[in-house]
Amino acid sequence: MTKRLEGAKVLVTAAAQGIGRAIAERCAGEGAIVTATDINRDALAELSGMRTAYLDVREKGEIDELVSDCQPSVLINCAGFVHHGTILDCDNDDWAFSNDLNVTSTYRLCRAAIPAMVANGGGSIVNISSVASSIVGAPNRFVYGVTKAAIIGLTKSIAVDFASSGVRCNAICPGTIQTPSLDDRIAAQGDIDTARKAFVARQPMGRLGEAHEVASLAAYLASNEAAFTTGTVHIIDGGWTAG
Ligand code: NAD
């Protein structure tokens, strides 16, 4: 059977661990030529079956160079940071950092990649947002929710502007997914058992999501199986926002 990303050139940001890593591995398994990027060189070195490259998504020069080098037909924007707190805990620096890492990075990558996608007849962009965005407010996720809502707006705008050029752009909104950074957020709350139970309780399914479940959706959206899908927001949250 033909693999659904055979021949696709896939660039994934924040691919050294968690959701980004699962997406890079899934895309490689689907036949894509993957460039997995991150700022964590040690973790990138654990990946096999794909090209790896250091890329800080806050650095426009690095992005332009890498995108020009690998000319991706598929771009997966996964980099993101979770700031903990309300608006009163979010000072100017927190606001600027989260917006730069979560939103401006996505703008930079898309702006760098779209011209070649158009010139080559099309492409697919998948942006990792969150249900904590314009879907639902989550406690202590003020600037995170702001940035993830902005990603949905960015996604829809690109979808509309480039639909006729063959460039699709979709967003994924995960609920709570088991990743190394989730473990860090749980540990930061002190009482690990209670904190983990509270994260699990958000999902009516009574469990956390797995990174490979998000990767499966990302690979579908990246592929031609989703050729008629653009500007959409895909929730994958174990029922968190279904009620
Ligand atoms: P993670 O936090 O476990 O890993 C983040 C990766 O980003 C790390 O490998 C890190 O080195 C890399 N990174 C950090 N700064 C970077 C930079 N400047 N340039 C490039 N890479 C950088 O990731 P995760 O929990 O799998 O989350 C991935 C994405 O999914 C994020 O956008 C996150 O907001 C989103 N998300 C996660 C969850 C969840 O529950 N885990 C839920 C909803 C959305």
# chains A, B, ... in the order shown; residues from 1 in each chain; ligands from 1
$ residues_near_ligand --ligand "ligand 1" --cutoff "7 Å" --atoms "only C-alpha atoms and all ligand atoms" --output "mmCIF file with N, CA and C atoms, in the first residue's frame"
data_model
loop_
_atom_site.group_PDB
_atom_site.id
_atom_site.type_symbol
_atom_site.label_atom_id
_atom_site.label_comp_id
_atom_site.auth_asym_id
_atom_site.auth_seq_id
_atom_site.Cartn_x
_atom_site.Cartn_y
_atom_site.Cartn_z
ATOM 1 N N THR A 13 8.772 21.839 13.546
ATOM 2 C CA THR A 13 9.469 22.576 14.600
ATOM 3 C C THR A 13 9.206 21.924 15.951
ATOM 4 N N ALA A 14 10.102 22.164 16.892
ATOM 5 C CA ALA A 14 9.992 21.604 18.254
ATOM 6 C C ALA A 14 9.784 20.091 18.204
ATOM 7 N N ALA A 15 10.634 19.437 17.413
ATOM 8 C CA ALA A 15 10.448 18.011 17.129
ATOM 9 C C ALA A 15 11.302 17.095 17.999
ATOM 10 N N ALA A 16 11.990 17.637 18.979
ATOM 11 C CA ALA A 16 12.898 16.799 19.768
ATOM 12 C C ALA A 16 12.171 15.960 20.808
ATOM 13 N N GLN A 17 10.976 16.396 21.200
ATOM 14 C CA GLN A 17 10.243 15.625 22.219
ATOM 15 C C GLN A 17 8.745 15.890 22.074
ATOM 16 N N GLY A 18 7.969 15.123 22.819
ATOM 17 C CA GLY A 18 6.528 15.369 22.903
ATOM 18 C C GLY A 18 5.807 15.236 21.565
ATOM 19 N N ILE A 19 4.846 16.138 21.351
ATOM 20 C CA ILE A 19 3.978 16.069 20.173
ATOM 21 C C ILE A 19 4.778 16.238 18.881
ATOM 22 N N GLY A 20 5.719 17.174 18.859
ATOM 23 C CA GLY A 20 6.509 17.407 17.654
ATOM 24 C C GLY A 20 7.310 16.178 17.253
ATOM 25 N N THR A 37 13.335 19.664 13.596
ATOM 26 C CA THR A 37 14.130 20.776 14.123
ATOM 27 C C THR A 37 13.779 21.067 15.579
ATOM 28 N N ASP A 38 14.740 21.622 16.287
ATOM 29 C CA ASP A 38 14.538 21.965 17.702
ATOM 30 C C ASP A 38 15.785 22.732 18.155
ATOM 31 N N ILE A 39 15.738 23.238 19.392
ATOM 32 C CA ILE A 39 16.940 23.841 19.983
ATOM 33 C C ILE A 39 17.651 22.858 20.915
ATOM 34 N N ASN A 40 17.044 21.687 21.125
ATOM 35 C CA ASN A 40 17.642 20.676 22.002
ATOM 36 C C ASN A 40 18.421 19.662 21.146
ATOM 37 N N LEU A 55 17.162 24.512 15.057
ATOM 38 C CA LEU A 55 16.408 25.697 14.616
ATOM 39 C C LEU A 55 15.710 26.328 15.810
ATOM 40 N N ASP A 56 16.104 27.571 16.074
ATOM 41 C CA ASP A 56 15.410 28.369 17.087
ATOM 42 C C ASP A 56 14.333 29.157 16.355
ATOM 43 N N VAL A 57 13.075 28.855 16.652
ATOM 44 C CA VAL A 57 11.974 29.482 15.900
ATOM 45 C C VAL A 57 11.832 30.971 16.204
ATOM 46 N N ARG A 58 12.650 31.483 17.121
ATOM 47 C CA ARG A 58 12.630 32.920 17.416
ATOM 48 C C ARG A 58 13.630 33.672 16.539
ATOM 49 N N CYS A 78 4.993 23.436 15.620
ATOM 50 C CA CYS A 78 4.668 22.789 16.900
ATOM 51 C C CYS A 78 5.235 23.532 18.105
ATOM 52 N N ALA A 79 6.160 24.454 17.873
ATOM 53 C CA ALA A 79 6.814 25.110 19.016
ATOM 54 C C ALA A 79 5.802 25.904 19.839
ATOM 55 N N GLY A 80 5.890 25.754 21.137
ATOM 56 C CA GLY A 80 4.981 26.501 22.009
ATOM 57 C C GLY A 80 5.436 26.415 23.453
ATOM 58 N N PHE A 81 5.099 27.443 24.222
ATOM 59 C CA PHE A 81 5.481 27.503 25.632
ATOM 60 C C PHE A 81 4.236 27.796 26.465
ATOM 61 N N VAL A 82 4.111 27.091 27.608
ATOM 62 C CA VAL A 82 2.958 27.287 28.493
ATOM 63 C C VAL A 82 3.356 28.175 29.670
ATOM 64 N N LEU A 101 7.360 33.315 20.911
ATOM 65 C CA LEU A 101 7.612 31.879 20.714
ATOM 66 C C LEU A 101 6.390 31.158 20.134
ATOM 67 N N ASN A 102 5.201 31.534 20.558
ATOM 68 C CA ASN A 102 4.021 30.773 20.133
ATOM 69 C C ASN A 102 3.403 31.286 18.835
ATOM 70 N N ILE A 128 -0.076 23.837 15.489
ATOM 71 C CA ILE A 128 -0.552 23.250 16.746
ATOM 72 C C ILE A 128 -1.010 24.378 17.668
ATOM 73 N N SER A 129 -2.314 24.469 17.837
ATOM 74 C CA SER A 129 -2.921 25.426 18.752
ATOM 75 C C SER A 129 -3.209 24.686 20.062
ATOM 76 N N SER A 130 -4.370 24.889 20.642
ATOM 77 C CA SER A 130 -4.762 24.210 21.886
ATOM 78 C C SER A 130 -6.254 24.455 22.086
ATOM 79 N N VAL A 131 -6.909 23.579 22.836
ATOM 80 C CA VAL A 131 -8.304 23.914 23.187
ATOM 81 C C VAL A 131 -8.323 25.125 24.114
ATOM 82 N N CYS A 173 -6.154 21.487 17.818
ATOM 83 C CA CYS A 173 -6.303 21.940 19.204
ATOM 84 C C CYS A 173 -6.315 20.726 20.123
ATOM 85 N N PRO A 174 -5.145 20.358 20.654
ATOM 86 C CA PRO A 174 -5.128 19.229 21.601
ATOM 87 C C PRO A 174 -5.687 19.659 22.958
ATOM 88 N N GLY A 175 -6.196 18.653 23.691
ATOM 89 C CA GLY A 175 -6.524 18.849 25.100
ATOM 90 C C GLY A 175 -5.261 18.584 25.915
ATOM 91 N N THR A 176 -5.348 17.750 26.938
ATOM 92 C CA THR A 176 -4.167 17.482 27.769
ATOM 93 C C THR A 176 -3.464 16.228 27.249
ATOM 94 N N ILE A 177 -2.224 16.417 26.806
ATOM 95 C CA ILE A 177 -1.476 15.325 26.167
ATOM 96 C C ILE A 177 -0.263 14.985 27.027
ATOM 97 N N GLN A 178 -0.024 13.686 27.217
ATOM 98 C CA GLN A 178 1.146 13.240 27.987
ATOM 99 C C GLN A 178 2.434 13.569 27.227
ATOM 100 N N THR A 179 3.198 14.514 27.741
ATOM 101 C CA THR A 179 4.478 14.895 27.126
ATOM 102 C C THR A 179 5.443 15.262 28.257
ATOM 103 N N PRO A 180 6.739 15.351 27.967
ATOM 104 C CA PRO A 180 7.688 15.749 29.018
ATOM 105 C C PRO A 180 7.331 17.087 29.657
ATOM 106 N N SER A 181 6.846 18.052 28.871
ATOM 107 C CA SER A 181 6.550 19.353 29.470
ATOM 108 C C SER A 181 5.314 19.288 30.355
ATOM 109 N N LEU A 182 4.382 18.387 30.062
ATOM 110 C CA LEU A 182 3.238 18.225 30.970
ATOM 111 C C LEU A 182 3.739 17.676 32.312
ATOM 112 N N ALA A 211 0.716 11.503 22.531
ATOM 113 C CA ALA A 211 1.291 12.302 21.433
ATOM 114 C C ALA A 211 1.054 11.639 20.072
#
$ residues_around --residues "Ala163 in chain A" --least-positions-apart "6" --cutoff "10 Å" --atoms "only C-alpha atoms" --output "list in words"
Gly122, Cys169, Phe228, Thr229, Thr230 and Gly231 of chain A
$ closest_residue --among "A:Val146, A:Met117, A:Arg196, A:Gly7" --to "Ser68 in chain A" --atoms "only C-alpha atoms"
A:Met117
$ select_by_dssp --residues "range 2-171 of chain A" --states "helix (DSSP H, G or I)" --output "PyMOL selection string"
chain A and resi 18-29+41-44+60-70+87-89+92-119+142-165
$ residues_around --residues "Met50 in chain A" --least-positions-apart "6" --cutoff "8 Å" --atoms "only C-alpha atoms" --output "count of residues only"
5
$ residues_around --residues "Ala242 in chain A" --least-positions-apart "2" --cutoff "12 Å" --atoms "only C-alpha atoms" --output "PDB file with C-alpha atoms, in the first residue's frame"
ATOM      1  CA  VAL A 131      -8.304  23.914  23.187  1.00  0.00           C
ATOM      2  CA  ILE A 135     -12.296  27.213  22.135  1.00  0.00           C
ATOM      3  CA  VAL A 136     -12.332  27.407  25.934  1.00  0.00           C
ATOM      4  CA  GLY A 175      -6.524  18.849  25.100  1.00  0.00           C
ATOM      5  CA  ARG A 202     -10.441  17.570  32.537  1.00  0.00           C
ATOM      6  CA  GLN A 203     -11.109  14.761  30.063  1.00  0.00           C
ATOM      7  CA  PRO A 204     -14.467  12.941  30.285  1.00  0.00           C
ATOM      8  CA  MET A 205     -12.602   9.927  28.850  1.00  0.00           C
ATOM      9  CA  ILE A 235     -10.178  19.419  18.418  1.00  0.00           C
ATOM     10  CA  ILE A 236      -8.573  16.300  19.908  1.00  0.00           C
ATOM     11  CA  ASP A 237      -9.294  16.467  23.633  1.00  0.00           C
ATOM     12  CA  GLY A 238     -10.958  13.308  24.964  1.00  0.00           C
ATOM     13  CA  GLY A 239     -14.245  15.191  25.221  1.00  0.00           C
ATOM     14  CA  TRP A 240     -12.969  18.077  27.387  1.00  0.00           C
TER      15      TRP A 240
END
$ select_by_dssp --residues "range 7-41 of chain A" --states "strand (DSSP E)" --output "PDB file with N, CA, C and O atoms, in the first residue's frame"
ATOM      1  N   LYS A   9       7.975  16.643   1.491  1.00  0.00           N
ATOM      2  CA  LYS A   9       9.104  17.198   2.247  1.00  0.00           C
ATOM      3  C   LYS A   9       8.530  17.925   3.460  1.00  0.00           C
ATOM      4  O   LYS A   9       7.891  18.971   3.304  1.00  0.00           O
ATOM      5  N   VAL A  10       8.726  17.335   4.637  1.00  0.00           N
ATOM      6  CA  VAL A  10       8.054  17.802   5.860  1.00  0.00           C
ATOM      7  C   VAL A  10       9.055  18.477   6.798  1.00  0.00           C
ATOM      8  O   VAL A  10      10.082  17.887   7.142  1.00  0.00           O
ATOM      9  N   LEU A  11       8.743  19.682   7.206  1.00  0.00           N
ATOM     10  CA  LEU A  11       9.546  20.393   8.207  1.00  0.00           C
ATOM     11  C   LEU A  11       8.717  20.499   9.489  1.00  0.00           C
ATOM     12  O   LEU A  11       7.594  20.995   9.474  1.00  0.00           O
ATOM     13  N   VAL A  12       9.274  20.009  10.602  1.00  0.00           N
ATOM     14  CA  VAL A  12       8.573  20.048  11.889  1.00  0.00           C
ATOM     15  C   VAL A  12       9.399  20.863  12.875  1.00  0.00           C
ATOM     16  O   VAL A  12      10.600  20.628  13.037  1.00  0.00           O
ATOM     17  N   ILE A  33      10.044  12.776   3.566  1.00  0.00           N
ATOM     18  CA  ILE A  33      11.427  13.197   3.832  1.00  0.00           C
ATOM     19  C   ILE A  33      11.297  14.270   4.908  1.00  0.00           C
ATOM     20  O   ILE A  33      10.838  15.383   4.636  1.00  0.00           O
ATOM     21  N   VAL A  34      11.677  13.914   6.141  1.00  0.00           N
ATOM     22  CA  VAL A  34      11.403  14.791   7.290  1.00  0.00           C
ATOM     23  C   VAL A  34      12.656  15.544   7.709  1.00  0.00           C
ATOM     24  O   VAL A  34      13.739  14.959   7.812  1.00  0.00           O
ATOM     25  N   THR A  35      12.492  16.832   7.972  1.00  0.00           N
ATOM     26  CA  THR A  35      13.513  17.606   8.664  1.00  0.00           C
ATOM     27  C   THR A  35      12.943  17.958  10.030  1.00  0.00           C
ATOM     28  O   THR A  35      11.988  18.736  10.139  1.00  0.00           O
ATOM     29  N   ALA A  36      13.510  17.330  11.062  1.00  0.00           N
ATOM     30  CA  ALA A  36      13.054  17.552  12.439  1.00  0.00           C
ATOM     31  C   ALA A  36      13.940  18.599  13.074  1.00  0.00           C
ATOM     32  O   ALA A  36      15.165  18.454  13.102  1.00  0.00           O
ATOM     33  N   THR A  37      13.335  19.664  13.596  1.00  0.00           N
ATOM     34  CA  THR A  37      14.130  20.776  14.123  1.00  0.00           C
ATOM     35  C   THR A  37      13.779  21.067  15.579  1.00  0.00           C
ATOM     36  O   THR A  37      12.664  20.796  16.031  1.00  0.00           O
ATOM     37  N   ASP A  38      14.740  21.622  16.287  1.00  0.00           N
ATOM     38  CA  ASP A  38      14.538  21.965  17.702  1.00  0.00           C
ATOM     39  C   ASP A  38      15.785  22.732  18.155  1.00  0.00           C
ATOM     40  O   ASP A  38      16.773  22.839  17.408  1.00  0.00           O
TER      41      ASP A  38
END
$ residues_around --residues "Phe199 in chain A" --least-positions-apart "5" --cutoff "9 Å" --atoms "only C-alpha atoms" --output "list in words"
Thr176, Ile186, Thr194, Arg207 and Leu208 of chain A
$ atom_distance --atom1 "CA of Arg111 in chain A" --atom2 "CA of Gly31 in chain A"
25.7 Å
$ residues_around --residues "Gly85 in chain A" --least-positions-apart "4" --cutoff "9 Å" --atoms "only C-alpha atoms" --output "PDB file with N, CA, C and O atoms, in the first residue's frame"
ATOM      1  N   ASP A  89      -0.421  37.850  36.535  1.00  0.00           N
ATOM      2  CA  ASP A  89       0.900  37.207  36.664  1.00  0.00           C
ATOM      3  C   ASP A  89       1.749  37.408  35.408  1.00  0.00           C
ATOM      4  O   ASP A  89       2.893  36.954  35.357  1.00  0.00           O
ATOM      5  N   CYS A  90       1.162  38.034  34.398  1.00  0.00           N
ATOM      6  CA  CYS A  90       1.816  38.118  33.090  1.00  0.00           C
ATOM      7  C   CYS A  90       2.322  39.543  32.872  1.00  0.00           C
ATOM      8  O   CYS A  90       1.552  40.444  32.513  1.00  0.00           O
ATOM      9  N   PRO A 139      -8.106  27.780  33.404  1.00  0.00           N
ATOM     10  CA  PRO A 139      -7.543  28.554  34.516  1.00  0.00           C
ATOM     11  C   PRO A 139      -6.029  28.694  34.407  1.00  0.00           C
ATOM     12  O   PRO A 139      -5.335  27.733  34.049  1.00  0.00           O
ATOM     13  N   ASN A 140      -5.532  29.876  34.711  1.00  0.00           N
ATOM     14  CA  ASN A 140      -4.085  30.133  34.723  1.00  0.00           C
ATOM     15  C   ASN A 140      -3.392  29.882  33.383  1.00  0.00           C
ATOM     16  O   ASN A 140      -2.228  29.490  33.333  1.00  0.00           O
ATOM     17  N   ARG A 141      -4.118  30.102  32.328  1.00  0.00           N
ATOM     18  CA  ARG A 141      -3.533  29.964  30.982  1.00  0.00           C
ATOM     19  C   ARG A 141      -3.785  31.241  30.184  1.00  0.00           C
ATOM     20  O   ARG A 141      -4.094  31.188  28.999  1.00  0.00           O
ATOM     21  N   PHE A 142      -3.634  32.414  30.849  1.00  0.00           N
ATOM     22  CA  PHE A 142      -3.983  33.679  30.207  1.00  0.00           C
ATOM     23  C   PHE A 142      -3.229  33.909  28.891  1.00  0.00           C
ATOM     24  O   PHE A 142      -3.814  33.891  27.813  1.00  0.00           O
ATOM     25  N   VAL A 143      -1.914  34.119  28.963  1.00  0.00           N
ATOM     26  CA  VAL A 143      -1.216  34.499  27.725  1.00  0.00           C
ATOM     27  C   VAL A 143      -1.088  33.302  26.782  1.00  0.00           C
ATOM     28  O   VAL A 143      -1.076  33.454  25.560  1.00  0.00           O
TER      29      VAL A 143
END
$ atom_distance --atom1 "CA of Asp91 in chain A" --atom2 "CA of Ala138 in chain A"
18.8 Å
$ residues_around --residues "Ala159 in chain A" --least-positions-apart "6" --cutoff "12 Å" --atoms "only C-alpha atoms" --output "VMD selection string"
chain A and resid 110 114 122 to 127 152 to 153 165 to 171 228 to 233
